[in-house]
Structures are given as structure tokens and as C-alpha cells.
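Peer 1: Before I ask anything, here is the structure I am working with.
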Amino acid sequence: MAEPYLSATDMRGGYGKADILNGCTLTVERGQIAVIVGPNGAGKSTAMKAVFGMLALREGKVALAGEDITRLTPQERVRKGMGFVPQTHNIFPTMTVEENLEMGAFIREDDYRDTMAQVYELFPAVADKRRQNAGELSGGQRQQVAVGRALMTRPSLLMLDEPTAGVSPIVMDELFDRIIEVARTGISILMVEQNARQALEIADIGYVLVQGANRYTDSGQALLADPEVRRTFLGG
Amino acid sequence: MDMLNALVAILNFVVIPAASYGAQLALGALGVTLIYGILRFSNFAHGDTMAFGAALVILITWGLQAIGIGLGPLPTALLALPFGIALTAVFILGTDRVVYRFYRSKRSAPIILVMASVGVMFIMNGLTRLIIGVDEIRFDDGARFLVSVQQFRAWTGLSEGLSLRVSQALTLVVTALACWALFRFLNRSRAGKAMRAYSDNEDLALLSGIDPERVVRLTWLIATALAVTAGTLYGLDKSFKVFNYFQILLPIFAAAIVGGLGNPLGAVAGGFIVAFSEVAVTYPWRKIATYLGFEPQGLLQLLSTEYKFAVSFVILIVVLLFRPTGLFRGKSV
Ligand SMILES: Nc1ncnc2c1ncn2[C@@H]1O[C@H](COP(=O)(O)OP(=O)(O)OP(=O)(O)O)[C@@H](O)[C@H]1O
Ligand SMILES: [Mg+2]
């Protein structure tokens, strides 16, 4: 069998002396949706940062499409086809929606108007606000801008850290639909989600992370069906 | 008639001087605010960057005068300005290389960078004194007045005179052009947008592939160009004296903070707010009150000119107490 598109194996590391990640492994197949769930402080965001090169790993390896990228900087990983939407501070608040997308395409030398049109098509709500400062938008619209910005480089792997944080259930469903749409175009998705139940519904593979290590790994449906996972992490 | 005289007196003694002083502050404050927005510290060496640049401009002006090159009615310094900017920029980029970059790569706290800039300030101050001395220097050759008091009286027949010096008019025109160019650059060009993005959200700018060192270099360049321009205009307007540029730092910071640190538009507005407050508070209003039919006892001067810097202080304190992010919502100090 071919190697998974993204494979981050046995990651160990943290911000200071103590490790936050204690042997965390994440893989995503091409065009699939992988979801990370787990309690607050489990190290989900830290694992995302590690995959994206924003955290020096003490041990472990990150490979994209078979190529070892463990030593690359985040900017270099962007050029390799990774896009990242951080959990917080994921837009340029005093710049317009359009400028946010332009900055997303900063490294592109070619004409990116097509991509911008696609993003607006995906998120019609923000298309109407393209001349407005992103900081003035609602929480849900801001998340759409943030995802749109990351899509501007036409990534092959899109990493989302809690894209539905702070949005209403309706907007959340809508965002999930959009994410599925993105995955259908062949983009792999690695996503952290607080709304574990809904996220696992759409997940091809799910990871339950506890104290920086994989506690359960299975398909989304299997995790949802597992009574142990349900009792401990999904609230019944 | 007295109404008109009062109006002319206000224009002559308050509006014109405050506008040109405000423009000089605005240019200075723009530099401070850009550095704050991008490099995230208050650059105390900014006043001495103005002095250093103006000193170089004066030296080049003397050189140009010696070989007989001039601009006719305009001051020769205008011709020397681009060279002064270029030389100062080289020096400032040098200070970034040997001083600030080190702390930046260590991700030092802003206060450490501020202290480093105080060190740079002392060095630049000493250098400027070495290069050009401590005496007062006038270097405003060319025509002195665009409109002189006698001319104005002859034209209008009013008893009150009005003068517009070339240096004042020049200050306003150059400032308007500089602001226009700067805002166009920041809002339209790719590099300008990258600067704004970096100021908005440094980490996300990095993730988007914006090169921080390039943004930093560009910022120093622009801030230096603005500072040297401001320093030269200020020197043309009021004469050059190294110490004055140290003192002007306070109103410049007041202007940047009033407008909201990191916000360029705010810096421009702040410059004019501070200048108009300063001039209005230190101007003796007796003459104007008399024109308007009052018979005032004293000079009607709220504060003697020696204390003009107190105005900046008061503005600064009021803003920091009641609206720490400034009028135009910059970053909180
Ligand atoms: N920049 C940082 N410096 C030091 N420690 C950090 C930093 N960011 C996170 N931590 C610590 O690392 C641990 C894991 O944090 P992380 O943000 O990865 O958790 P998380 O699973 O994403 O939580 P949440 O669900 O609340 O987002 C926490 O104990 C946190 O205090
Ligand atoms: Mg998190």
C-alpha cells in the first residue's frame, strides 16, 4: 500500500523543558478528512504546530507525499503545499477581506484571480464583504476568511485548528459542508475540532489525543460507535 | 473690517505656523508609528535620526552652494534632501544590522529594544555634534517669502499683515506629497500591503510567506526618508540646532500616541492636533480679542512659550488615561 499523503510519526516535543507531545502520530490520506479531538490542553494545537513546523520536535518525523519535511520552516512547507489556519489570530484584522486573500496568495507569482473567485464561490457570505475590514466581520465570517486565506496557495493539505470555534450551530454545519466540499476537490484535511461528534461524522479517520499521545485511532464512524470513546470523550 | 483683521491675525499667528509645525510633527510621527507597528518598539533615536539626516543635508547643501548649484527661489536643501536620505538610510540600516537585529532574533521584550534605541540615540546625537557642531545654523537660501507682510497689506489694505514663508509653504506641499505617496504605497502596492499585514499579525504574515527581514528593511527606509524630510523642513523653518531635535521627540511621540500607535492616518492627525494645541495655548490672544471688541487686561496667553512642551505632556497624559489606544485605535501602549 502507498504511504499516506501526510505522515507525522511519533512526535515528541514542547515549548520548554517538559514535552507536550509524547509520541503523537497523525496520518492523512490524499483527499481525506482527518479529525483530532480530545480534552482542552491535550496538545491538539501543539500537534498541529508541530506538523506545520512551528515547534521544534525533539523526536519524530514529518513526511509529506513521501518527502521528509521535518527540518523545513513553515514558509517552506507552505511552498510544499501545506496550508494552515491557526486557532486564534488567523486573519489580518485591519485589512479588507480581499487583501486578506491577496496576502494568502503572497508567494504565488502567477495569476491568482481564479483561486480568489473559487474562494468567493465557496463562501458567498464573505464575497459580499470583500471591501470590508476582516476585523469587522462576525465570528463565522472571520473563520471563512481565514480558511479562504489558506486556500489561496491552492494547498494539497489544509490544516484547520478549530475552524468552528465560537460560531453558531447553523454556521458550524455550513462550515462543515464547505470543508467536505474542499475535500472533494482532492485536498487532504487535517482538522482539530471541539465539536467532536459532528466532526467525527465527517471524518475518514479520527484521532483522540490525550496528554500529547494517541489514545484512540479509528475511522470516524467507529469512534462514534465505540462505547468507551462515547462515555469518556463524547459525553454519553 | 476688524473682523477681517482678526481673521488675518489668526491665520498669520496661529493657523499658518501651527499647520507647518503640525506637518513636521506629522512626518516625524509617521516614522515613529511605522517603526512601532512593524518592529514593535518606540524608537527614541527618531529625533536624532532627524537631526543626523538634516545635518547631512546641510553639509551637502553647502557643497552644492560651493559649486554654484541652486534651485533659484527654492532652498538648495531640497536638492540635497535625496542624498541626505540615502546616506542616513545607509547608517540606519547599519544600526539595524548591528543593534536591533540581534534583539529581534532573540525575540527580546519591546522595552529592551527601546533601551537599545536610547543607546543609538546617544551615539547619533554625539555623531551629529561631531559632524556639524552645536551652534545654530540657518541654511534656508532662496526666496524667503511667498507672501510678505508688506505685500499683503498693499494688496488688501488691511492694517493687519500676513506672511507665508517659502519654508512654510514648502513644508505643507512636501508633507502632502509624502503622505499621498505613503498611503498609496501602503494601500496599493504588494510590498506596502505586506507591511500592513506584518503589522496586523506577524505570525500569519510569516505563514503567508512574507519575508520579515525585507519588511523590516523597508520600514527603516521609509521611516528614515520621512524623518530626514521632517528634520530638514523643521530646520529650514526654524533653523538647525541639534538639541531642538531631542526636544521635538516629545511632541512627536505625543502625536503618534494621540493618533494611535501603529496607525499612520492617526499619526498625521495627531501631528496637527498637537501642533494646533501647542500654538493655541502659547499664543497671546490679546490682539485678536481687541479686534473683536473686547478690552482684555492681560496678554491672554495661557502658557508662556518656554513651557510649550507641557502641552504635549498634558495631551499625552489625557490620552493615556482616557483612550490608551489613541483616537484612531492603534495598539495600546
Ligand atoms: N506557546 C506556548 N508556550 C508554552 N506552553 C504552551 C504554549 N501553547 C500551549 N502551551 C501548553 O501546552 C499544552 C497543550 O496546549 P494546546 O494548545 O496544544 O492544547 P489544545 O489541545 O489545543 O487545547 P484547546 O482545546 O484548549 O485548544 C497546554 O498545557 C498549554 O498550557
Ligand atoms: Mg487548541
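Following the order of the C-alpha cells, first chain is A, next is B, and so on, with residues numbered from 1 inside each chain and ligands from 1 in the order they appear.
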Please find the residues of chain B near chain A - the criterion being any atom within 10 Å, counting only C-alpha atoms - and write them as a VMD selection string.
Peer 2: chain B and resid 187 to 188 190 to 191 193 to 194 196 to 211
Peer 1: Within 9 Å of Leu39 (chain B), counting only C-alpha atoms, which residues show up once you throw out same-chain ones fewer than 5 positions away? Write them as number ranges by chain, please.
Peer 2: B: 34, 104, 110, 199, 216, 219
Peer 1: Could those residues be written to a file, using all heavy atoms, as an mmCIF file, in the first residue's frame?
Peer 2:
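And here is the file that came out, out-v6.cif:
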data_model
loop_
_atom_site.group_PDB
_atom_site.id
_atom_site.type_symbol
_atom_site.label_atom_id
_atom_site.label_comp_id
_atom_site.auth_asym_id
_atom_site.auth_seq_id
_atom_site.Cartn_x
_atom_site.Cartn_y
_atom_site.Cartn_z
ATOM 1 N N LEU B 34 5.241 53.910 12.182
ATOM 2 C CA LEU B 34 5.563 52.781 11.296
ATOM 3 C C LEU B 34 6.527 51.825 12.001
ATOM 4 O O LEU B 34 6.340 50.607 11.970
ATOM 5 C CB LEU B 34 6.201 53.281 10.003
ATOM 6 C CG LEU B 34 5.262 53.900 8.970
ATOM 7 C CD1 LEU B 34 6.051 54.426 7.786
ATOM 8 C CD2 LEU B 34 4.242 52.882 8.505
ATOM 9 N N ARG B 104 16.023 41.341 17.906
ATOM 10 C CA ARG B 104 14.859 40.821 17.205
ATOM 11 C C ARG B 104 14.948 39.301 17.088
ATOM 12 O O ARG B 104 13.993 38.586 17.336
ATOM 13 C CB ARG B 104 14.787 41.463 15.815
ATOM 14 C CG ARG B 104 13.495 41.232 15.109
ATOM 15 C CD ARG B 104 13.296 42.222 13.987
ATOM 16 N NE ARG B 104 14.332 42.182 12.983
ATOM 17 C CZ ARG B 104 15.150 43.199 12.694
ATOM 18 N NH1 ARG B 104 15.029 44.327 13.362
ATOM 19 N NH2 ARG B 104 16.072 43.082 11.780
ATOM 20 N N PRO B 110 9.908 44.369 24.094
ATOM 21 C CA PRO B 110 9.992 45.709 23.496
ATOM 22 C C PRO B 110 10.842 46.681 24.311
ATOM 23 O O PRO B 110 11.583 47.479 23.749
ATOM 24 C CB PRO B 110 8.533 46.163 23.460
ATOM 25 C CG PRO B 110 7.749 44.901 23.386
ATOM 26 C CD PRO B 110 8.529 43.876 24.148
ATOM 27 N N SER B 199 2.310 44.156 10.265
ATOM 28 C CA SER B 199 1.947 44.955 11.427
ATOM 29 C C SER B 199 0.695 44.396 12.101
ATOM 30 O O SER B 199 0.581 44.372 13.317
ATOM 31 C CB SER B 199 1.727 46.404 10.981
ATOM 32 O OG SER B 199 0.984 47.119 11.920
ATOM 33 N N VAL B 216 11.112 44.613 7.482
ATOM 34 C CA VAL B 216 11.814 45.455 8.441
ATOM 35 C C VAL B 216 12.713 46.471 7.723
ATOM 36 O O VAL B 216 12.712 47.658 8.042
ATOM 37 C CB VAL B 216 12.642 44.577 9.405
ATOM 38 C CG1 VAL B 216 13.667 45.403 10.159
ATOM 39 C CG2 VAL B 216 11.721 43.857 10.377
ATOM 40 N N THR B 219 10.702 49.168 6.177
ATOM 41 C CA THR B 219 10.169 50.068 7.187
ATOM 42 C C THR B 219 11.217 51.083 7.622
ATOM 43 O O THR B 219 10.941 52.277 7.736
ATOM 44 C CB THR B 219 9.685 49.269 8.402
ATOM 45 O OG1 THR B 219 8.790 48.265 7.944
ATOM 46 C CG2 THR B 219 8.988 50.157 9.396
#
Peer 1: Would you kindly return, as a list of chain:residue names, each protein, DNA or RNA residue with an atom no farther than 8 Å from any atom of Phe328 (chain B), considering only C-alpha atoms and excluding same-chain residues fewer than 6 positions away?
Peer 2: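 The filter keeps B:Gly259, B:Gly260, B:Asn263, B:Leu265, B:Gly266.
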Peer 1: Could you pull out the alpha helix (DSSP H) residues of region 11-188 of chain B, going by DSSP on the backbone, and write them as a ChimeraX atom specification?
Peer 2: /B:16-39,46-66,77-95,101-105,110-132,149-156,166-188
Peer 1: Quick one: everything within 8 Å of Ala19 (chain B), counting only C-alpha atoms, minus sequence neighbours fewer than 5 positions away in the same chain. Send it as a VMD selection string.
Peer 2: chain B and resid 172 272 275 to 276
Peer 1: Keeping N, CA and C atoms for every residue in the selection just given, could you write it to a file as an mmCIF file, in the first residue's frame?
Peer 2:
data_model
loop_
_atom_site.group_PDB
_atom_site.id
_atom_site.type_symbol
_atom_site.label_atom_id
_atom_site.label_comp_id
_atom_site.auth_asym_id
_atom_site.auth_seq_id
_atom_site.Cartn_x
_atom_site.Cartn_y
_atom_site.Cartn_z
ATOM 1 N N LEU B 172 4.263 72.356 3.828
ATOM 2 C CA LEU B 172 2.914 71.838 3.604
ATOM 3 C C LEU B 172 2.842 71.026 2.315
ATOM 4 N N PHE B 272 -1.107 67.271 13.757
ATOM 5 C CA PHE B 272 -1.792 68.557 13.675
ATOM 6 C C PHE B 272 -2.503 68.889 14.998
ATOM 7 N N ALA B 275 0.215 70.171 17.334
ATOM 8 C CA ALA B 275 0.749 71.469 16.916
ATOM 9 C C ALA B 275 -0.266 72.585 17.174
ATOM 10 N N PHE B 276 -1.518 72.340 16.794
ATOM 11 C CA PHE B 276 -2.521 73.392 16.989
ATOM 12 C C PHE B 276 -2.745 73.662 18.480
#
Peer 1: Which residues are near Leu200 (chain A)? Cut-off 10 Å, only C-alpha atoms, ignore same chain within fewer than 6 positions. Put them as a PyMOL selection string.
Peer 2: chain A and resi 33-37+193+206-207+219-224
Peer 1: Give me a file of those residues, with all heavy atoms, as a compact mmCIF listing (two decimals), in the first residue's frame.
Peer 2:
# COMPACT_ATOMS: atom_id res chain seq x y z
N ILE A 33 -10.47 13.36 5.12
CA ILE A 33 -10.59 14.27 6.25
C ILE A 33 -10.15 13.54 7.52
O ILE A 33 -10.70 12.51 7.86
CB ILE A 33 -12.03 14.77 6.43
CG1 ILE A 33 -12.50 15.50 5.16
CG2 ILE A 33 -12.15 15.67 7.65
CD1 ILE A 33 -13.92 16.02 5.23
N ALA A 34 -9.12 14.09 8.17
CA ALA A 34 -8.69 13.54 9.46
C ALA A 34 -9.05 14.53 10.55
O ALA A 34 -8.86 15.73 10.38
CB ALA A 34 -7.18 13.30 9.45
N VAL A 35 -9.61 14.02 11.63
CA VAL A 35 -10.06 14.90 12.70
C VAL A 35 -9.36 14.53 14.00
O VAL A 35 -9.25 13.35 14.35
CB VAL A 35 -11.60 14.80 12.87
CG1 VAL A 35 -12.04 15.53 14.14
CG2 VAL A 35 -12.31 15.38 11.66
N ILE A 36 -8.87 15.55 14.70
CA ILE A 36 -8.26 15.34 16.01
C ILE A 36 -9.22 15.89 17.06
O ILE A 36 -9.65 17.03 16.97
CB ILE A 36 -6.92 16.10 16.14
CG1 ILE A 36 -5.99 15.78 14.97
CG2 ILE A 36 -6.24 15.78 17.47
CD1 ILE A 36 -4.73 16.64 14.96
N VAL A 37 -9.60 15.05 18.01
CA VAL A 37 -10.40 15.54 19.13
C VAL A 37 -9.66 15.20 20.42
O VAL A 37 -8.67 14.47 20.41
CB VAL A 37 -11.82 14.90 19.15
CG1 VAL A 37 -12.58 15.27 17.89
CG2 VAL A 37 -11.73 13.40 19.30
N GLU A 193 -11.06 19.60 16.24
CA GLU A 193 -12.43 20.06 16.48
C GLU A 193 -12.88 19.86 17.91
O GLU A 193 -12.64 18.83 18.53
CB GLU A 193 -13.41 19.36 15.54
CG GLU A 193 -13.88 20.25 14.41
CD GLU A 193 -14.52 21.55 14.89
OE1 GLU A 193 -15.17 21.60 15.95
OE2 GLU A 193 -14.35 22.55 14.18
N GLY A 206 -10.23 9.40 12.63
CA GLY A 206 -10.30 10.25 13.81
C GLY A 206 -9.20 9.90 14.81
O GLY A 206 -8.83 8.73 14.96
N TYR A 207 -8.67 10.92 15.44
CA TYR A 207 -7.66 10.70 16.49
C TYR A 207 -8.18 11.28 17.79
O TYR A 207 -8.61 12.43 17.83
CB TYR A 207 -6.35 11.41 16.15
CG TYR A 207 -5.70 10.90 14.89
CD1 TYR A 207 -5.92 11.52 13.67
CD2 TYR A 207 -4.86 9.79 14.94
CE1 TYR A 207 -5.32 11.05 12.53
CE2 TYR A 207 -4.26 9.31 13.79
CZ TYR A 207 -4.50 9.94 12.59
OH TYR A 207 -3.92 9.46 11.46
N SER A 219 -11.62 4.95 12.28
CA SER A 219 -12.45 5.75 11.39
C SER A 219 -13.44 6.53 12.25
O SER A 219 -13.73 6.16 13.39
CB SER A 219 -13.22 4.84 10.43
OG SER A 219 -14.26 4.19 11.14
N GLY A 220 -13.91 7.65 11.72
CA GLY A 220 -14.83 8.49 12.48
C GLY A 220 -16.02 7.72 12.98
O GLY A 220 -16.40 7.81 14.15
N GLN A 221 -16.64 6.91 12.07
CA GLN A 221 -17.83 6.15 12.45
C GLN A 221 -17.53 5.16 13.59
O GLN A 221 -18.30 5.05 14.54
CB GLN A 221 -18.37 5.39 11.23
CG GLN A 221 -18.88 6.28 10.11
CD GLN A 221 -19.93 7.27 10.60
OE1 GLN A 221 -20.70 6.97 11.51
NE2 GLN A 221 -19.93 8.47 10.02
N ALA A 222 -16.37 4.50 13.48
CA ALA A 222 -16.02 3.51 14.51
C ALA A 222 -15.84 4.18 15.87
O ALA A 222 -16.28 3.64 16.90
CB ALA A 222 -14.75 2.78 14.10
N LEU A 223 -15.19 5.36 15.87
CA LEU A 223 -15.00 6.06 17.13
C LEU A 223 -16.35 6.47 17.71
O LEU A 223 -16.58 6.37 18.92
CB LEU A 223 -14.13 7.30 16.94
CG LEU A 223 -12.63 7.05 16.72
CD1 LEU A 223 -11.91 8.36 16.45
CD2 LEU A 223 -12.00 6.36 17.92
N LEU A 224 -17.24 6.92 16.85
CA LEU A 224 -18.56 7.33 17.33
C LEU A 224 -19.31 6.14 17.92
O LEU A 224 -20.13 6.30 18.83
CB LEU A 224 -19.37 7.93 16.18
CG LEU A 224 -19.03 9.38 15.81
CD1 LEU A 224 -19.73 9.78 14.53
CD2 LEU A 224 -19.40 10.33 16.94
Peer 1: Ranking B:Phe183, B:Phe91, B:Tyr283, B:Tyr291 by minimum distance to Ile123 (chain B) and counting only C-alpha atoms, which one comes first?
Peer 2: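 Checking each of B:Phe183, B:Phe91, B:Tyr283, B:Tyr291 against Ile123 (chain B), counting only C-alpha atoms, the winner is B:Phe91.
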Peer 1: Identify, with DSSP run on backbone atoms, the residues in region 24-186 of chain A assigned to strand (DSSP E or B), and express the list as a short mmCIF file (atom, residue, chain, number, x, y, z; two decimals) with N, CA and C atoms, in the first residue's frame.
Peer 2:
data_model
loop_
_atom_site.label_atom_id
_atom_site.label_comp_id
_atom_site.auth_asym_id
_atom_site.auth_seq_id
_atom_site.Cartn_x
_atom_site.Cartn_y
_atom_site.Cartn_z
N CYS A 24 3.13 11.38 19.48
CA CYS A 24 1.86 11.57 18.78
C CYS A 24 2.06 11.25 17.29
N THR A 25 1.14 10.48 16.75
CA THR A 25 1.24 10.11 15.33
C THR A 25 -0.04 10.50 14.61
N LEU A 26 0.11 11.20 13.47
CA LEU A 26 -1.05 11.61 12.69
C LEU A 26 -0.78 11.31 11.23
N THR A 27 -1.74 10.68 10.57
CA THR A 27 -1.60 10.48 9.13
C THR A 27 -2.88 10.87 8.43
N VAL A 28 -2.74 11.36 7.22
CA VAL A 28 -3.90 11.72 6.40
C VAL A 28 -3.68 11.19 5.00
N ILE A 33 -10.47 13.36 5.12
CA ILE A 33 -10.59 14.27 6.25
C ILE A 33 -10.15 13.54 7.52
N ALA A 34 -9.12 14.09 8.17
CA ALA A 34 -8.69 13.54 9.46
C ALA A 34 -9.05 14.53 10.55
N VAL A 35 -9.61 14.02 11.63
CA VAL A 35 -10.06 14.90 12.70
C VAL A 35 -9.36 14.53 14.00
N ILE A 36 -8.87 15.55 14.70
CA ILE A 36 -8.26 15.34 16.01
C ILE A 36 -9.22 15.89 17.06
N VAL A 37 -9.60 15.05 18.01
CA VAL A 37 -10.40 15.54 19.13
C VAL A 37 -9.66 15.20 20.42
N GLU A 59 11.89 14.63 18.83
CA GLU A 59 11.91 13.30 18.19
C GLU A 59 10.75 13.21 17.22
N GLY A 60 10.85 12.30 16.30
CA GLY A 60 9.74 12.09 15.38
C GLY A 60 10.05 12.64 14.00
N LYS A 61 9.12 12.38 13.08
CA LYS A 61 9.37 12.72 11.69
C LYS A 61 8.08 13.17 11.04
N VAL A 62 8.18 14.16 10.16
CA VAL A 62 7.02 14.59 9.39
C VAL A 62 7.33 14.40 7.92
N ALA A 63 6.47 13.69 7.22
CA ALA A 63 6.69 13.47 5.79
C ALA A 63 5.44 13.87 5.02
N LEU A 64 5.66 14.53 3.88
CA LEU A 64 4.56 14.94 3.02
C LEU A 64 4.81 14.34 1.65
N GLU A 67 8.07 12.76 1.14
CA GLU A 67 9.30 13.54 1.32
C GLU A 67 9.43 13.95 2.79
N ASP A 68 10.62 13.77 3.34
CA ASP A 68 10.85 14.15 4.74
C ASP A 68 10.92 15.68 4.84
N MET A 82 1.31 22.96 1.91
CA MET A 82 0.55 22.90 3.15
C MET A 82 -0.07 24.26 3.44
N GLY A 83 -1.30 24.26 3.91
CA GLY A 83 -1.95 25.50 4.32
C GLY A 83 -2.44 25.34 5.75
N PHE A 84 -2.32 26.40 6.55
CA PHE A 84 -2.64 26.27 7.97
C PHE A 84 -3.53 27.44 8.40
N VAL A 85 -4.62 27.11 9.08
CA VAL A 85 -5.46 28.13 9.71
C VAL A 85 -5.34 27.96 11.22
N THR A 96 -8.75 44.51 4.35
CA THR A 96 -10.04 44.08 3.82
C THR A 96 -10.01 42.58 3.55
N ASN A 133 -13.17 45.58 6.26
CA ASN A 133 -12.06 45.05 7.05
C ASN A 133 -12.46 43.74 7.71
N LEU A 157 -2.72 20.04 1.27
CA LEU A 157 -3.12 19.65 2.62
C LEU A 157 -3.54 20.91 3.37
N LEU A 158 -4.78 20.91 3.84
CA LEU A 158 -5.29 22.07 4.58
C LEU A 158 -5.43 21.69 6.04
N MET A 159 -4.78 22.47 6.90
CA MET A 159 -4.83 22.17 8.33
C MET A 159 -5.66 23.23 9.04
N LEU A 160 -6.70 22.79 9.75
CA LEU A 160 -7.62 23.72 10.40
C LEU A 160 -7.66 23.45 11.90
N ASP A 161 -7.32 24.49 12.69
CA ASP A 161 -7.38 24.33 14.14
C ASP A 161 -8.67 24.96 14.65
#
Peer 1: Using only C-alpha atoms and all ligand atoms, find each residue with an atom at most 9 Å away from ligand 2 and format the answer as a PDB file with N, CA, C and O atoms, in the first residue's frame.
Peer 2:
ATOM      1  N   ASN A  40      -9.408  19.766  26.506  1.00  0.00           N
ATOM      2  CA  ASN A  40      -8.625  21.006  26.465  1.00  0.00           C
ATOM      3  C   ASN A  40      -7.232  20.758  27.030  1.00  0.00           C
ATOM      4  O   ASN A  40      -7.067  20.075  28.031  1.00  0.00           O
ATOM      5  N   GLY A  41      -6.252  21.304  26.365  1.00  0.00           N
ATOM      6  CA  GLY A  41      -4.888  21.182  26.861  1.00  0.00           C
ATOM      7  C   GLY A  41      -4.237  19.861  26.521  1.00  0.00           C
ATOM      8  O   GLY A  41      -3.142  19.558  26.990  1.00  0.00           O
ATOM      9  N   ALA A  42      -4.911  19.037  25.687  1.00  0.00           N
ATOM     10  CA  ALA A  42      -4.351  17.734  25.341  1.00  0.00           C
ATOM     11  C   ALA A  42      -3.130  17.869  24.437  1.00  0.00           C
ATOM     12  O   ALA A  42      -2.338  16.934  24.307  1.00  0.00           O
ATOM     13  N   GLY A  43      -2.994  19.026  23.818  1.00  0.00           N
ATOM     14  CA  GLY A  43      -1.874  19.222  22.910  1.00  0.00           C
ATOM     15  C   GLY A  43      -2.281  19.149  21.452  1.00  0.00           C
ATOM     16  O   GLY A  43      -1.435  18.960  20.582  1.00  0.00           O
ATOM     17  N   LYS A  44      -3.576  19.358  21.177  1.00  0.00           N
ATOM     18  CA  LYS A  44      -4.055  19.292  19.791  1.00  0.00           C
ATOM     19  C   LYS A  44      -3.438  20.407  18.955  1.00  0.00           C
ATOM     20  O   LYS A  44      -2.883  20.156  17.878  1.00  0.00           O
ATOM     21  N   SER A  45      -3.518  21.641  19.492  1.00  0.00           N
ATOM     22  CA  SER A  45      -2.933  22.764  18.744  1.00  0.00           C
ATOM     23  C   SER A  45      -1.429  22.584  18.613  1.00  0.00           C
ATOM     24  O   SER A  45      -0.838  22.905  17.577  1.00  0.00           O
ATOM     25  N   THR A  46      -0.829  22.083  19.672  1.00  0.00           N
ATOM     26  CA  THR A  46       0.617  21.867  19.648  1.00  0.00           C
ATOM     27  C   THR A  46       0.986  20.856  18.568  1.00  0.00           C
ATOM     28  O   THR A  46       1.967  21.038  17.838  1.00  0.00           O
ATOM     29  N   MET A  48      -0.660  20.316  15.827  1.00  0.00           N
ATOM     30  CA  MET A  48      -0.806  20.993  14.540  1.00  0.00           C
ATOM     31  C   MET A  48       0.417  21.848  14.252  1.00  0.00           C
ATOM     32  O   MET A  48       0.954  21.836  13.136  1.00  0.00           O
ATOM     33  N   PRO A  86      -4.586  28.850  11.883  1.00  0.00           N
ATOM     34  CA  PRO A  86      -4.397  28.707  13.325  1.00  0.00           C
ATOM     35  C   PRO A  86      -5.712  28.873  14.084  1.00  0.00           C
ATOM     36  O   PRO A  86      -6.704  29.363  13.544  1.00  0.00           O
ATOM     37  N   GLN A  87      -5.681  28.452  15.355  1.00  0.00           N
ATOM     38  CA  GLN A  87      -6.888  28.508  16.183  1.00  0.00           C
ATOM     39  C   GLN A  87      -7.311  29.954  16.445  1.00  0.00           C
ATOM     40  O   GLN A  87      -8.485  30.278  16.404  1.00  0.00           O
ATOM     41  N   THR A  88      -6.329  30.826  16.740  1.00  0.00           N
ATOM     42  CA  THR A  88      -6.632  32.237  17.006  1.00  0.00           C
ATOM     43  C   THR A  88      -5.752  33.098  16.116  1.00  0.00           C
ATOM     44  O   THR A  88      -4.802  32.613  15.523  1.00  0.00           O
ATOM     45  N   ASP A 161      -7.319  24.490  12.686  1.00  0.00           N
ATOM     46  CA  ASP A 161      -7.380  24.327  14.137  1.00  0.00           C
ATOM     47  C   ASP A 161      -8.669  24.960  14.646  1.00  0.00           C
ATOM     48  O   ASP A 161      -8.794  26.168  14.711  1.00  0.00           O
ATOM     49  N   GLU A 162      -9.621  24.126  14.981  1.00  0.00           N
ATOM     50  CA  GLU A 162     -10.939  24.554  15.478  1.00  0.00           C
ATOM     51  C   GLU A 162     -11.580  25.620  14.596  1.00  0.00           C
ATOM     52  O   GLU A 162     -11.825  26.736  15.032  1.00  0.00           O
ATOM     53  N   VAL A 192      -8.598  20.021  13.788  1.00  0.00           N
ATOM     54  CA  VAL A 192      -8.866  19.855  15.216  1.00  0.00           C
ATOM     55  C   VAL A 192     -10.281  20.341  15.458  1.00  0.00           C
ATOM     56  O   VAL A 192     -10.684  21.361  14.905  1.00  0.00           O
ATOM     57  N   GLU A 193     -11.064  19.596  16.239  1.00  0.00           N
ATOM     58  CA  GLU A 193     -12.426  20.056  16.480  1.00  0.00           C
ATOM     59  C   GLU A 193     -12.882  19.861  17.914  1.00  0.00           C
ATOM     60  O   GLU A 193     -12.643  18.834  18.532  1.00  0.00           O
ATOM     61  N   GLN A 194     -13.528  20.915  18.419  1.00  0.00           N
ATOM     62  CA  GLN A 194     -14.111  20.865  19.747  1.00  0.00           C
ATOM     63  C   GLN A 194     -15.483  20.178  19.675  1.00  0.00           C
ATOM     64  O   GLN A 194     -15.891  19.487  20.596  1.00  0.00           O
TER      65      GLN A 194
END
Peer 1: Between B:Glu278, B:Gly70, B:Gly270, B:Gly47, which one has atoms that come closest to Ala18 (chain B), using only C-alpha atoms?
Peer 2: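 Counting only C-alpha atoms, the residue closest to Ala18 (chain B) is B:Glu278.
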Peer 1: How far is it from CA of Gly81 (chain A) to CA of Glu181 (chain A), in Å with one decimal?
Peer 2: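 Separation between CA of Gly81 (chain A) and CA of Glu181 (chain A): 18.3 Å.
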Peer 1: By how many Å are CA of Gln151 (chain B) and CA of Leu78 (chain B) apart?
Peer 2: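 Straight-line distance from CA of Gln151 (chain B) to CA of Leu78 (chain B) works out to 25.8 Å.
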Peer 1: List as an NGL selection string the protein and nucleic acid residues near Leu164 (chain B), meaning an atom at most 10 Å away when only C-alpha atoms are counted, but skip any in the same chain fewer than 2 places from it.
Peer 2: :B and (11-12 or 16-17 or 144-149 or 152 or 162 or 166-169)
Peer 1: If I take CA of Leu64 (chain B) and CA of Ala80 (chain B), how far is one from the other in Å, to one decimal?
Peer 2: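 It comes out at 7.8 Å.
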Peer 1: Just the residues within 12 Å of Asn125 (chain B), please, counting only C-alpha atoms, with nothing from its chain fewer than 5 positions along; format it as a PyMOL selection string.
Peer 2: chain B and resi 44-53+55+117-120+130-134+241-246
